[in-house]
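Read the structure below first, then the notes.
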Amino acid sequence: MEPKFILNREKISDADIEKNKNFDELLTKFKNQSIQKARNDRSWWRKKSIRYSAAILGAVVVCTVTLSQLYQSNSNLKKTNALTSTSTNKKESAKPLADKKQRSVTPLNPHWDVAYSRYKVNAGKGASLVHASRSKIQVPKNAFVTKAGQIIEGEVEILYREIHKVSEQLMSGIPMQYDSAGTTYDFESAGMFDIKGEKNGEPVFLSSKATLTVQLASEREGAQFNQYLWDSVAGNWRYLQKDILNPLKPETHTAQQRVAASALSKADVEKQVNEVEVEGKKKIEQQYAQQVAKLPVVKQPVKPRKISNRQNFTLEVDKNEFPELSGFNNVMFEVGDENKNYSDKYTEVTWNDVQVSDGPQKGINYLLSLRKGNQLLELIVYPCLNNVDFEKANSAFKAKMVDYEKALAERKAKEEKLRADMLARQKEYETEMKRNKEERLKNYIREMKAMEAANANEVASLSGAAKVLRVFQISQFGTYNSDGPRLRTGDYKPSVAYQLNSKPFQPNQVYVMDYKDRMFYLYSYKEVSDLIFKKGVRYAVCVPVNGQLYVKQLFNDDPEVIAKKSKLMLDLKALPSDVETIEDVKRYFEI
């Protein structure tokens, strides 16, 4: 007779029953089960008394939340009104000038946008940077974090640009209108700067504990200007504080040193281009891996094991006590050679509990854990069948293997197709990168040269003209402005009509550059016929059309005579073809 392990659970004593009585726990379980049953029982919803009780309880919760939100809203409204009332000392009421105001920073043409200067900073050490215009940037150590708030180590790039000229303001697409207390103002700028950070092409952020100091070199004197930050979400400027002024000390850096500090080397440019190519191929591989992961998993059936000469036994199980072991009917267990202390005497014990789990070789052997009181026996066992049962199981296994091999072949074919598609996409991507690589490198170097020229031009134009430093303490990257808001006023308001290359034309919007106050005004579609002019001031009227700029400069005519006319016809002409960069634009307008 083959050896058998006898299993039988022990009866619970009266003392244990008394010890484990817990009415509260029983009541909680009953409530949870009843609620779950009610949710699944459609008849529950037909009982009005229950439904109404639930609705009343729900209404109490909703009312509580609503009152709380209303209280918070009133509190926030009071705070907002308090802030608004102190944001300006002027009480004039003026209708907003544009029916659709500019709410985003969008350059009129990317080729005319002001380039960024790039500075490399060791994040752990910080840096003191001097821009071409003699502006200064003080970066504290450990100032940069990822989007998730983790401190960034190693090298970080600071991208920085300044905007001083009216033509730069116009071409950059930075809005120069300011809404406050229902009134729209135009900005008179004493200088703007835009600053951001990158690491390996990804944006970085300022730590909540870090503050950058930017001392903006300005050629405009006077303390009438305020500091603002462009809020891209609200689409408006956010007032920060009055300007803080420092005197500008004598020049300590040469133009060549500043330009060299801001320019990337050719090796840096090539490295960046190569990194873009590697990243693109990696994304294609990731997409391939995701597609493969979605394919159905094909599991190989387990081959039955025939009984051998090892020691073996069966489990004599009461199915009512151990229903989880019903799957082991007619299965014999061989004792693995791993078990050094196995003895036949264990078959004489009636065990109270048994657990079967995966063994070291998943799908081949199992860990059998037997327990009686404090006695624990753990065995590595191998399920096996006698000769008759093995033949039946083996026939079923062979049939399953046919289906398995068919399913496996189908999966492999799909994988090969996906892989072929991935390789084709990578090859196409490499071809495209090879075709564009040289051109992109040329464009990047051209941008660097334009930036160097812009820096050198700023040195020539500002180093002698800059008079003060306007000090900003910034806690986030963005676009900052030293400006004075002004209401739009004028002496004349003629009825204006337009021509484009001598043909009638109706513009969607018009920019008017003021040469005296060094400002520009944006007129919306509804306002383009009602331009406002001041006596004795020169203007340039500009209209963007499909990336091109059409201009009428009122230089050679007497603005006063023109403005006095009740009707004014402006024939707009495109910028000359040799106006290609922002430097060309500035020379053209000469503001």
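Each chain in the structure tokens gets a letter, A, B, ..., in the order shown, and its residues are numbered from 1; ligands are numbered from 1 in order too.
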Within 9 Å of Lys586 (chain A), counting only C-alpha atoms, which residues qualify if same-chain residues fewer than 3 places away don't, as a ChimeraX atom specification? /A:165-168,581-583,589-591
As a PyMOL selection string, which residues of region 360-576 of chain A does DSSP assign to strand (DSSP E)? chain A and resi 366-372+375-384+468-474+478-486+495-500+503-505+510-514+519-523+539-545+548-553+567-574
Selection: 12 Å around Asn309 (chain A), only C-alpha atoms, excl. self and same-chain fewer than 3 positions, as a PyMOL selection string: chain A and resi 306+312-313+333-337+384+386
Every residue of region 227-405 of chain A that DSSP places in helix (DSSP H, G or I), as a PyMOL selection string: chain A and resi 255-262+266-293+323-328+344-348+387-405
What lies within 12 Å of Gly363 (chain A) using only C-alpha atoms, ignoring chain neighbours under 2 positions off, as a PyMOL selection string? chain A and resi 299-305+357-361+365-367+381-383
Could the residues in this selection be saved with N, CA and C atoms as a PDB file, in the first residue's frame?
ATOM      1  N   LYS A 299       0.886  30.789 -23.196  1.00  0.00           N
ATOM      2  CA  LYS A 299       1.475  29.982 -22.119  1.00  0.00           C
ATOM      3  C   LYS A 299       1.648  28.541 -22.568  1.00  0.00           C
ATOM      4  N   GLN A 300       2.829  28.020 -22.338  1.00  0.00           N
ATOM      5  CA  GLN A 300       3.110  26.626 -22.701  1.00  0.00           C
ATOM      6  C   GLN A 300       2.504  25.681 -21.670  1.00  0.00           C
ATOM      7  N   PRO A 301       1.756  24.665 -22.132  1.00  0.00           N
ATOM      8  CA  PRO A 301       1.176  23.717 -21.178  1.00  0.00           C
ATOM      9  C   PRO A 301       2.271  22.929 -20.457  1.00  0.00           C
ATOM     10  N   VAL A 302       1.987  22.533 -19.199  1.00  0.00           N
ATOM     11  CA  VAL A 302       2.969  21.795 -18.394  1.00  0.00           C
ATOM     12  C   VAL A 302       2.881  20.312 -18.732  1.00  0.00           C
ATOM     13  N   LYS A 303       4.011  19.752 -19.053  1.00  0.00           N
ATOM     14  CA  LYS A 303       4.048  18.326 -19.403  1.00  0.00           C
ATOM     15  C   LYS A 303       3.861  17.488 -18.147  1.00  0.00           C
ATOM     16  N   PRO A 304       2.945  16.461 -18.219  1.00  0.00           N
ATOM     17  CA  PRO A 304       2.736  15.622 -17.032  1.00  0.00           C
ATOM     18  C   PRO A 304       3.989  14.808 -16.714  1.00  0.00           C
ATOM     19  N   ARG A 305       4.115  14.458 -15.434  1.00  0.00           N
ATOM     20  CA  ARG A 305       5.293  13.734 -14.969  1.00  0.00           C
ATOM     21  C   ARG A 305       4.875  12.325 -14.565  1.00  0.00           C
ATOM     22  N   SER A 357       2.219  25.865  -2.544  1.00  0.00           N
ATOM     23  CA  SER A 357       2.655  27.074  -3.249  1.00  0.00           C
ATOM     24  C   SER A 357       3.738  26.726  -4.251  1.00  0.00           C
ATOM     25  N   ASP A 358       4.085  27.702  -5.121  1.00  0.00           N
ATOM     26  CA  ASP A 358       5.118  27.452  -6.136  1.00  0.00           C
ATOM     27  C   ASP A 358       6.445  27.115  -5.478  1.00  0.00           C
ATOM     28  N   GLY A 359       7.155  26.156  -6.063  1.00  0.00           N
ATOM     29  CA  GLY A 359       8.470  25.784  -5.570  1.00  0.00           C
ATOM     30  C   GLY A 359       9.568  26.561  -6.259  1.00  0.00           C
ATOM     31  N   PRO A 360      10.821  26.203  -6.030  1.00  0.00           N
ATOM     32  CA  PRO A 360      11.948  26.904  -6.663  1.00  0.00           C
ATOM     33  C   PRO A 360      11.883  26.871  -8.182  1.00  0.00           C
ATOM     34  N   GLN A 361      11.366  25.762  -8.750  1.00  0.00           N
ATOM     35  CA  GLN A 361      11.214  25.655 -10.204  1.00  0.00           C
ATOM     36  C   GLN A 361       9.711  25.779 -10.523  1.00  0.00           C
ATOM     37  N   ASN A 365       8.009  22.032  -9.686  1.00  0.00           N
ATOM     38  CA  ASN A 365       7.861  21.509  -8.336  1.00  0.00           C
ATOM     39  C   ASN A 365       7.109  22.508  -7.460  1.00  0.00           C
ATOM     40  N   TYR A 366       6.718  22.063  -6.272  1.00  0.00           N
ATOM     41  CA  TYR A 366       5.905  22.868  -5.367  1.00  0.00           C
ATOM     42  C   TYR A 366       6.442  22.756  -3.954  1.00  0.00           C
ATOM     43  N   LEU A 367       6.062  23.727  -3.127  1.00  0.00           N
ATOM     44  CA  LEU A 367       6.381  23.698  -1.708  1.00  0.00           C
ATOM     45  C   LEU A 367       5.119  23.268  -0.972  1.00  0.00           C
ATOM     46  N   VAL A 381       8.149  19.027  -3.450  1.00  0.00           N
ATOM     47  CA  VAL A 381       7.538  17.836  -4.050  1.00  0.00           C
ATOM     48  C   VAL A 381       7.313  18.045  -5.535  1.00  0.00           C
ATOM     49  N   TYR A 382       7.234  16.915  -6.238  1.00  0.00           N
ATOM     50  CA  TYR A 382       7.023  16.918  -7.681  1.00  0.00           C
ATOM     51  C   TYR A 382       5.737  16.161  -7.978  1.00  0.00           C
ATOM     52  N   PRO A 383       4.677  16.794  -8.512  1.00  0.00           N
ATOM     53  CA  PRO A 383       3.455  16.064  -8.836  1.00  0.00           C
ATOM     54  C   PRO A 383       3.726  15.054  -9.956  1.00  0.00           C
TER      55      PRO A 383
END
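With CA of Lys467 (chain A) on one side and CA of Ser135 (chain A) on the other, the separation reads 11.2 Å.
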Residues near region 219-232 of chain A, cut-off 9 Å, only C-alpha atoms, skip fewer than 3 positions along chain, as a PyMOL selection string: chain A and resi 103-105+164+174-175+188-191+235-245+462+464-469+472+478-485
So what do you get for CA of Glu580 (chain A) versus CA of Pro203 (chain A), distance-wise?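 Calculated distance between CA of Glu580 (chain A) and CA of Pro203 (chain A) is 29.1 Å.
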A:Thr314, A:Asn200, A:Thr184, A:Gln215 ranked by distance to Glu275 (chain A), top pick (using only C-alpha atoms):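 For Glu275 (chain A), the nearest of the candidates is A:Asn200.
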Need to verify the contact set: region 497-499 of chain A, 6 Å, only C-alpha atoms, exclusion of same-chain residues closer than 4 positions in sequence. Can you return it as a tab-separated table (two decimals) with N, CA and C atoms, in the first residue's frame?
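Heads up, here's the output in out-v6.tsv:
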chain	number	residue	atom	x	y	z
A	503	LYS	N	-3.69	98.60	-53.37
A	503	LYS	CA	-4.99	97.97	-53.54
A	503	LYS	C	-5.76	98.04	-52.22
A	504	PRO	N	-7.09	98.28	-52.26
A	504	PRO	CA	-7.87	98.40	-51.02
A	504	PRO	C	-7.67	97.18	-50.11
A	505	PHE	N	-7.60	97.45	-48.83
A	505	PHE	CA	-7.26	96.37	-47.88
A	505	PHE	C	-7.86	96.70	-46.52
A	569	MET	N	-5.61	108.08	-45.93
A	569	MET	CA	-5.38	106.85	-46.68
A	569	MET	C	-3.93	106.43	-46.49
A	570	LEU	N	-3.71	105.24	-45.99
A	570	LEU	CA	-2.36	104.72	-45.77
A	570	LEU	C	-2.10	103.58	-46.74
A	571	ASP	N	-1.14	103.77	-47.62
A	571	ASP	CA	-0.74	102.74	-48.58
A	571	ASP	C	0.45	101.97	-47.99
A	572	LEU	N	0.22	100.75	-47.57
A	572	LEU	CA	1.23	99.95	-46.87
A	572	LEU	C	2.10	99.18	-47.85
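Shortest separation to Asp113 (chain A) among A:Gln150, A:Asn394, A:Thr347, A:Ser172 occurs at residue A:Ser172, atoms counted being only C-alpha atoms.
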Contact check, region 180-241 of chain A to region 119-132 of chain A, at most 10 Å, counting only C-alpha atoms, closest pairs as CSV:
residue,atom,partner,partner_atom,distance
A:Gly197,CA,A:Tyr119,CA,9.5
A:Glu198,CA,A:Lys120,CA,9.8
A:Lys199,CA,A:Lys120,CA,9.8
A:Thr213,CA,A:Ser128,CA,9.7
A:Val214,CA,A:Leu129,CA,9.5
A:Gln215,CA,A:Val130,CA,9.5
A:Leu216,CA,A:His131,CA,9.3
A:Ala217,CA,A:His131,CA,9.2
Go ahead and dump the residues you just picked, all heavy atoms, as a PDB file, in the first residue's frame.
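Below you can see result28.pdb, which holds the result:
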ATOM      1  N   GLY A 197      15.362  78.144 -18.040  1.00  0.00           N
ATOM      2  CA  GLY A 197      16.458  77.195 -17.829  1.00  0.00           C
ATOM      3  C   GLY A 197      16.186  75.871 -18.511  1.00  0.00           C
ATOM      4  O   GLY A 197      15.036  75.455 -18.670  1.00  0.00           O
ATOM      5  N   GLU A 198      17.268  75.192 -18.915  1.00  0.00           N
ATOM      6  CA  GLU A 198      17.157  73.879 -19.567  1.00  0.00           C
ATOM      7  C   GLU A 198      18.286  72.973 -19.111  1.00  0.00           C
ATOM      8  O   GLU A 198      19.365  73.446 -18.732  1.00  0.00           O
ATOM      9  CB  GLU A 198      17.231  74.018 -21.093  1.00  0.00           C
ATOM     10  CG  GLU A 198      16.027  74.654 -21.747  1.00  0.00           C
ATOM     11  CD  GLU A 198      16.166  74.689 -23.264  1.00  0.00           C
ATOM     12  OE1 GLU A 198      17.214  74.230 -23.789  1.00  0.00           O
ATOM     13  OE2 GLU A 198      15.235  75.178 -23.939  1.00  0.00           O
ATOM     14  N   LYS A 199      18.015  71.680 -19.149  1.00  0.00           N
ATOM     15  CA  LYS A 199      19.054  70.662 -18.947  1.00  0.00           C
ATOM     16  C   LYS A 199      18.773  69.542 -19.936  1.00  0.00           C
ATOM     17  O   LYS A 199      17.711  68.924 -19.899  1.00  0.00           O
ATOM     18  CB  LYS A 199      19.055  70.118 -17.522  1.00  0.00           C
ATOM     19  CG  LYS A 199      20.181  69.096 -17.260  1.00  0.00           C
ATOM     20  CD  LYS A 199      20.204  68.680 -15.799  1.00  0.00           C
ATOM     21  CE  LYS A 199      21.279  67.619 -15.549  1.00  0.00           C
ATOM     22  NZ  LYS A 199      22.633  68.134 -15.761  1.00  0.00           N
ATOM     23  N   THR A 213      18.577  86.944  -8.748  1.00  0.00           N
ATOM     24  CA  THR A 213      18.615  88.402  -8.820  1.00  0.00           C
ATOM     25  C   THR A 213      19.043  88.806 -10.227  1.00  0.00           C
ATOM     26  O   THR A 213      20.107  88.398 -10.693  1.00  0.00           O
ATOM     27  CB  THR A 213      19.597  88.982  -7.792  1.00  0.00           C
ATOM     28  OG1 THR A 213      19.190  88.578  -6.482  1.00  0.00           O
ATOM     29  CG2 THR A 213      19.613  90.502  -7.860  1.00  0.00           C
ATOM     30  N   VAL A 214      18.199  89.576 -10.898  1.00  0.00           N
ATOM     31  CA  VAL A 214      18.521  90.094 -12.227  1.00  0.00           C
ATOM     32  C   VAL A 214      18.585  91.609 -12.132  1.00  0.00           C
ATOM     33  O   VAL A 214      17.609  92.261 -11.741  1.00  0.00           O
ATOM     34  CB  VAL A 214      17.476  89.673 -13.265  1.00  0.00           C
ATOM     35  CG1 VAL A 214      17.799  90.291 -14.623  1.00  0.00           C
ATOM     36  CG2 VAL A 214      17.407  88.158 -13.383  1.00  0.00           C
ATOM     37  N   GLN A 215      19.746  92.162 -12.464  1.00  0.00           N
ATOM     38  CA  GLN A 215      19.912  93.620 -12.511  1.00  0.00           C
ATOM     39  C   GLN A 215      19.909  94.034 -13.979  1.00  0.00           C
ATOM     40  O   GLN A 215      20.890  93.833 -14.690  1.00  0.00           O
ATOM     41  CB  GLN A 215      21.212  94.032 -11.815  1.00  0.00           C
ATOM     42  CG  GLN A 215      21.256  93.663 -10.338  1.00  0.00           C
ATOM     43  CD  GLN A 215      22.471  94.223  -9.645  1.00  0.00           C
ATOM     44  OE1 GLN A 215      22.646  95.430  -9.555  1.00  0.00           O
ATOM     45  NE2 GLN A 215      23.339  93.334  -9.154  1.00  0.00           N
ATOM     46  N   LEU A 216      18.767  94.545 -14.419  1.00  0.00           N
ATOM     47  CA  LEU A 216      18.554  94.865 -15.831  1.00  0.00           C
ATOM     48  C   LEU A 216      19.134  96.238 -16.154  1.00  0.00           C
ATOM     49  O   LEU A 216      18.729  97.250 -15.572  1.00  0.00           O
ATOM     50  CB  LEU A 216      17.051  94.841 -16.129  1.00  0.00           C
ATOM     51  CG  LEU A 216      16.636  95.245 -17.536  1.00  0.00           C
ATOM     52  CD1 LEU A 216      17.120  94.242 -18.566  1.00  0.00           C
ATOM     53  CD2 LEU A 216      15.105  95.396 -17.613  1.00  0.00           C
ATOM     54  N   ALA A 217      20.085  96.270 -17.097  1.00  0.00           N
ATOM     55  CA  ALA A 217      20.671  97.535 -17.532  1.00  0.00           C
ATOM     56  C   ALA A 217      19.659  98.284 -18.385  1.00  0.00           C
ATOM     57  O   ALA A 217      19.150  97.768 -19.372  1.00  0.00           O
ATOM     58  CB  ALA A 217      21.945  97.280 -18.330  1.00  0.00           C
TER      59      ALA A 217
END
What does the distance between CA of Glu430 (chain A) and CA of Ile284 (chain A) come to in Å, to one decimal place?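 CA of Ile284 (chain A) lies 11.5 Å from CA of Glu430 (chain A).
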Rank nothing, just name the residue among A:Lys437, A:Gly154, A:Asn352, A:Leu418 nearest to Lys294 (chain A), using only C-alpha atoms. A:Leu418
